[in-house]
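One structure is given here, and the rest of the page talks about it.
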Amino acid sequence: MDSSNPREDGMNWALLDGFCANDGDRSFLVELVALFELDIPRRMAALDAARAARDIAATTERAHSIKGSCGTVGAEAMAACAEAVELAASRNDLRTVDQRAAELRVHFERAVEALRARLR
Amino acid sequence: MSEGLVPPEENLSTDATAAPTVVIVDDDPIVRRMLRHGAEQAGYRIVEFASGHGALSADGLERHVICLDLGLDDMPGMDVINHLRSRDAECTVIVITARRDVDSAVQAMQAGAYDYLVKPIDRDRFVQALHRAIERRQLRDDLRRLTTIRDERLILGSIVGRSAVMREMARQVERVLDSEVTVCVVGESGTGKELVASAIHRTGRRRRGPFVAINCAAIPESLQESELFGHERGAFTGAAGVHRGRFEQANNGTLLLDEVGEMSATTQAALLRALQERSIRRVGGASEIAINVRIVCATHRDLAALVQSGRFRQDLYFRLMVYPVQVPPLRNRIDDIPLLVAHFLGVFADDVGRRPESISANALDALRRYSWPGNVRELQNCVHRAMLACDGSQIDMAHLPPEVAAAALPPAPRAPRGSVRASPIEEPILTLVEMERRAIARALRHTDGSVSKAARLLGIGRATLYRRLAELDMTVTPHGQ
């Protein structure tokens, strides 16, 4: 697996490559990508619900959890965006929260595309 | 939040000798999947939990290596650490934290976590942390096992015995060495109850403190309280100065109440109060003195029966009989007799001025067959006497006390020269009572019924022979029986 430039696809492949350095890791990667595609939308929905309820604590918490998962698979651009939501929420800056939360979906689509491309 | 994605939790091995498992406690299924993959590739068995409560409800969790996310949904990670460490202070936890929560990681390390990983987790760093943690856990387990073996050896070291029953007793004692539990050592006279009590002290956590013993049977009732709790000057006639009692002497150590069943009713009440209040008052004194003493008691009596008959307080019985340890009688550990004999030969060598090198097979056989009502103490006296009686290098039947020698099997009759050897037929094994009966009858026949002469032949006193004749329901005729 080669490492692409993180600026282009928003991914830091070094982290994922570290976990997929051996033969036979493809099935793990397939499973991980499927898990990412299934789990992250649920969490983004939970974030939206917290935003809609103007629940600052829940918004901070949901954004924090999305940041952790995205960082773990190397989706750095999405992790940075989730962190921006988290920080804005902790400052009670709901306008920025809404702006950056909307960007999260774009980052998610890109990350999924990049991860799927890795599977081809 | 993500409970629906949690794979079924596997069972943790509760086998204390099995290799440690890596336990991942994280509510993020993506993180769990990544860590599972990394750990499995490194050759470890993995069990996952999506919540702190789920993890803590698993049996034996603390004996594995736990990778714990500090930011769990259901409870603070620090609480999970505290619960784990209350179960096992040496439990090995690697905490996982977000980059901006490094302060929590430091806090967790101070609370006893072994290592920490910052998200996003680097695979090499993760596997390295696992290797170190597993190695440390295994070293701790090995050390624990060695300590157990060492404790067993230390316990048995002073008690001389390798028989199964003694090893079981040592294991029983080992379980309470690191606690403050009151131990009651029960056994017949001469079995070595004080040695067991002393071993509990010497091997336990109070070994650096004093070990003080009091034999309640040897102290007159009127002095028991003063001996245990001390007295002030002028407390009673003859109390010329202040006397610190055994409780005070044993402070920060262990107090052995030997023959506790012989304690007077008044002293029992005072002892109960001291155990409840953890303080004593000297006889004639006005102030309370705090005490910190581990109590070990010993008795050859059936304390429960004494309670039934009203001679021992039931409330004190329950206080003392928290953890009974039974010391087996010597007749139940005859395999230890050769070891004990060798031990006593060494112990009395200086006293006797020489050391017989060995003991004959016949003599050893007699020692093994005798019933030892006086237990190890009787065997000790027997070996001492035999050493005094023995001029040569080997203790033989002739050197043993008659009652012990009588326990030996009679020598096999020699076949007449030139006769055809008969097929071997084993001598029937006789009971000790029957052997004694036959020995007495033979001696009386030999002395034409003279009890005095027969007693001399048997090596016992005339009164003893008369008593045994009555007990065995034997009569004396002028020509023996």
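In the structure tokens, the first chain shown is A, the next is B, and so on; residue numbers restart at 1 for each chain, and ligands run from 1 in the order shown.
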
All helix (DSSP H, G or I) positions in chain A, as an MDAnalysis selection string: chainID A and resid 6:9 13:19 26:52 56:73 76:90 94:119

Identify every residue of chain A that has at least one atom within 7 Å of any atom of chain B, counting only C-alpha atoms, and report the result as an MDAnalysis selection string. chainID A and resid 15 18:19 35:36 68:69 71:72

How would the residues just chosen look if you wrote them out with C-alpha atoms as an mmCIF file, in the first residue's frame?
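New file out_4.cif:
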```
data_model
loop_
_atom_site.group_PDB
_atom_site.id
_atom_site.type_symbol
_atom_site.label_atom_id
_atom_site.label_comp_id
_atom_site.auth_asym_id
_atom_site.auth_seq_id
_atom_site.Cartn_x
_atom_site.Cartn_y
_atom_site.Cartn_z
ATOM 1 C CA LEU A 15 -1.677 5.099 10.757
ATOM 2 C CA GLY A 18 0.750 0.442 10.364
ATOM 3 C CA PHE A 19 -2.186 -1.862 11.143
ATOM 4 C CA LEU A 35 -17.741 -0.415 10.122
ATOM 5 C CA PHE A 36 -16.696 3.176 9.368
ATOM 6 C CA GLY A 68 -11.511 9.897 17.948
ATOM 7 C CA SER A 69 -12.823 7.356 15.415
ATOM 8 C CA GLY A 71 -8.301 9.967 13.830
ATOM 9 C CA THR A 72 -7.941 6.243 14.470
#
```

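Among the candidates A:Ala58, A:Ala88, A:Leu47, A:Leu119, the residue lying nearest to Phe28 of chain A is A:Leu119 (atoms considered: only C-alpha atoms).
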
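Atom pair atom CA of Glu180 of chain B / atom CA of Asn252 of chain B has a distance of 11.2 Å (rounded to one decimal).
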
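Taking atom CA of Gln110 of chain B as the reference point, atom CA of Val23 of chain B is found at 21.0 Å.
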
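Taking atom CA of Ala75 of chain A and atom CA of Val22 of chain B as endpoints, the distance between them is 26.4 Å.
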
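Shell of Leu104 of chain A at 9 Å, with only C-alpha atoms counted and residues fewer than 3 places along the chain excluded, is Met44, Met78, Ala79, Cys81, Ala82, Arg100, Ala101, His107, Phe108 and Glu109 of chain A.
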
With N, CA and C atoms kept, could you save the residues just selected as a short mmCIF file (atom, residue, chain, number, x, y, z; two decimals), in the first residue's frame?
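As a result, result.cif now contains:
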```
data_model
loop_
_atom_site.label_atom_id
_atom_site.label_comp_id
_atom_site.auth_asym_id
_atom_site.auth_seq_id
_atom_site.Cartn_x
_atom_site.Cartn_y
_atom_site.Cartn_z
N MET A 44 -22.98 10.89 13.43
CA MET A 44 -23.27 12.23 12.91
C MET A 44 -24.75 12.56 13.14
N MET A 78 -11.30 14.97 8.41
CA MET A 78 -12.59 14.85 9.09
C MET A 78 -12.41 14.97 10.61
N ALA A 79 -11.31 14.39 11.14
CA ALA A 79 -11.03 14.48 12.57
C ALA A 79 -10.81 15.93 12.97
N CYS A 81 -12.04 18.57 11.45
CA CYS A 81 -13.34 19.26 11.37
C CYS A 81 -14.18 18.95 12.62
N ALA A 82 -14.17 17.67 13.05
CA ALA A 82 -14.93 17.28 14.26
C ALA A 82 -14.36 18.00 15.48
N ARG A 100 -19.43 24.08 10.73
CA ARG A 100 -18.43 23.00 10.65
C ARG A 100 -19.10 21.63 10.62
N ALA A 101 -20.24 21.51 11.30
CA ALA A 101 -20.96 20.22 11.29
C ALA A 101 -21.43 19.90 9.88
N HIS A 107 -16.54 15.84 4.39
CA HIS A 107 -15.30 15.12 4.76
C HIS A 107 -15.57 13.63 4.86
N PHE A 108 -16.71 13.27 5.37
CA PHE A 108 -17.06 11.85 5.50
C PHE A 108 -17.12 11.18 4.12
N GLU A 109 -17.82 11.83 3.18
CA GLU A 109 -17.93 11.27 1.82
C GLU A 109 -16.53 11.07 1.23
#
```

Neighbouring residues of Arg116 of chain A were defined as those with any atom within 10 Å, considering only C-alpha atoms; residues of the same chain fewer than 2 positions away were excluded. Please report them as a compact mmCIF listing (two decimals) with N, CA and C atoms, in the first residue's frame.
```txt
# COMPACT_ATOMS: atom_id res chain seq x y z
N LEU A 29 -9.30 -4.79 6.53
CA LEU A 29 -9.56 -3.46 5.98
C LEU A 29 -11.00 -3.36 5.45
N VAL A 30 -11.45 -4.43 4.79
CA VAL A 30 -12.83 -4.46 4.28
C VAL A 30 -13.80 -4.27 5.45
N VAL A 33 -13.62 -0.65 6.92
CA VAL A 33 -14.28 0.36 6.08
C VAL A 33 -15.79 0.24 6.23
N ALA A 34 -16.29 -1.00 6.24
CA ALA A 34 -17.74 -1.22 6.40
C ALA A 34 -18.21 -0.66 7.75
N ARG A 110 -15.67 12.05 1.42
CA ARG A 110 -14.31 11.96 0.86
C ARG A 110 -13.53 10.82 1.51
N ALA A 111 -13.67 10.73 2.82
CA ALA A 111 -12.93 9.67 3.53
C ALA A 111 -13.39 8.29 3.07
N VAL A 112 -14.70 8.12 2.91
CA VAL A 112 -15.23 6.83 2.47
C VAL A 112 -14.71 6.51 1.07
N GLU A 113 -14.73 7.54 0.22
CA GLU A 113 -14.24 7.35 -1.15
C GLU A 113 -12.77 6.91 -1.15
N ALA A 114 -11.99 7.60 -0.32
CA ALA A 114 -10.55 7.27 -0.27
C ALA A 114 -10.34 5.85 0.29
N ARG A 118 -8.84 2.37 -1.58
CA ARG A 118 -7.77 1.51 -1.06
C ARG A 118 -8.09 0.02 -1.22
N LEU A 119 -9.38 -0.26 -1.21
CA LEU A 119 -9.79 -1.67 -1.30
C LEU A 119 -9.73 -2.20 -2.74
N ARG A 120 -9.68 -1.30 -3.72
CA ARG A 120 -9.70 -1.75 -5.12
C ARG A 120 -8.36 -2.33 -5.53
```

Shell of 12 Å around Arg246 of chain B, only C-alpha atoms, local chain residues under 3 positions omitted, as a ChimeraX atom specification: /B:210-216,224-231,243,249-257,271,280,282,291,293,295

Report as a ChimeraX atom specification: the residues of segment 134-226 of chain B with a DSSP assignment of strand (DSSP E or B), based on the backbone of this structure. /B:183-186,211-215

Would you output that residue set with C-alpha atoms, as a PDB file, in the first residue's frame?
```
ATOM      1  CA  VAL B 183      -6.395 -17.905  63.341  1.00  0.00           C
ATOM      2  CA  CYS B 184      -7.246 -20.718  65.732  1.00  0.00           C
ATOM      3  CA  VAL B 185      -4.738 -23.573  65.595  1.00  0.00           C
ATOM      4  CA  VAL B 186      -6.402 -26.779  66.713  1.00  0.00           C
ATOM      5  CA  PHE B 211       5.772 -12.538  68.671  1.00  0.00           C
ATOM      6  CA  VAL B 212       4.511 -13.018  72.208  1.00  0.00           C
ATOM      7  CA  ALA B 213       3.011 -16.247  73.515  1.00  0.00           C
ATOM      8  CA  ILE B 214       1.041 -16.912  76.669  1.00  0.00           C
ATOM      9  CA  ASN B 215       0.041 -20.357  77.859  1.00  0.00           C
TER      10      ASN B 215
END
```

Quick one: everything within 8 Å of segment 453-459 of chain B, counting only C-alpha atoms, minus sequence neighbours fewer than 3 positions away in the same chain. Send it as a list in words. Pro401, Pro402, Ala439, Ile440, Ala443, Leu444, His446, Thr447, Gly449, Ser450, Arg462 and Leu465 of chain B
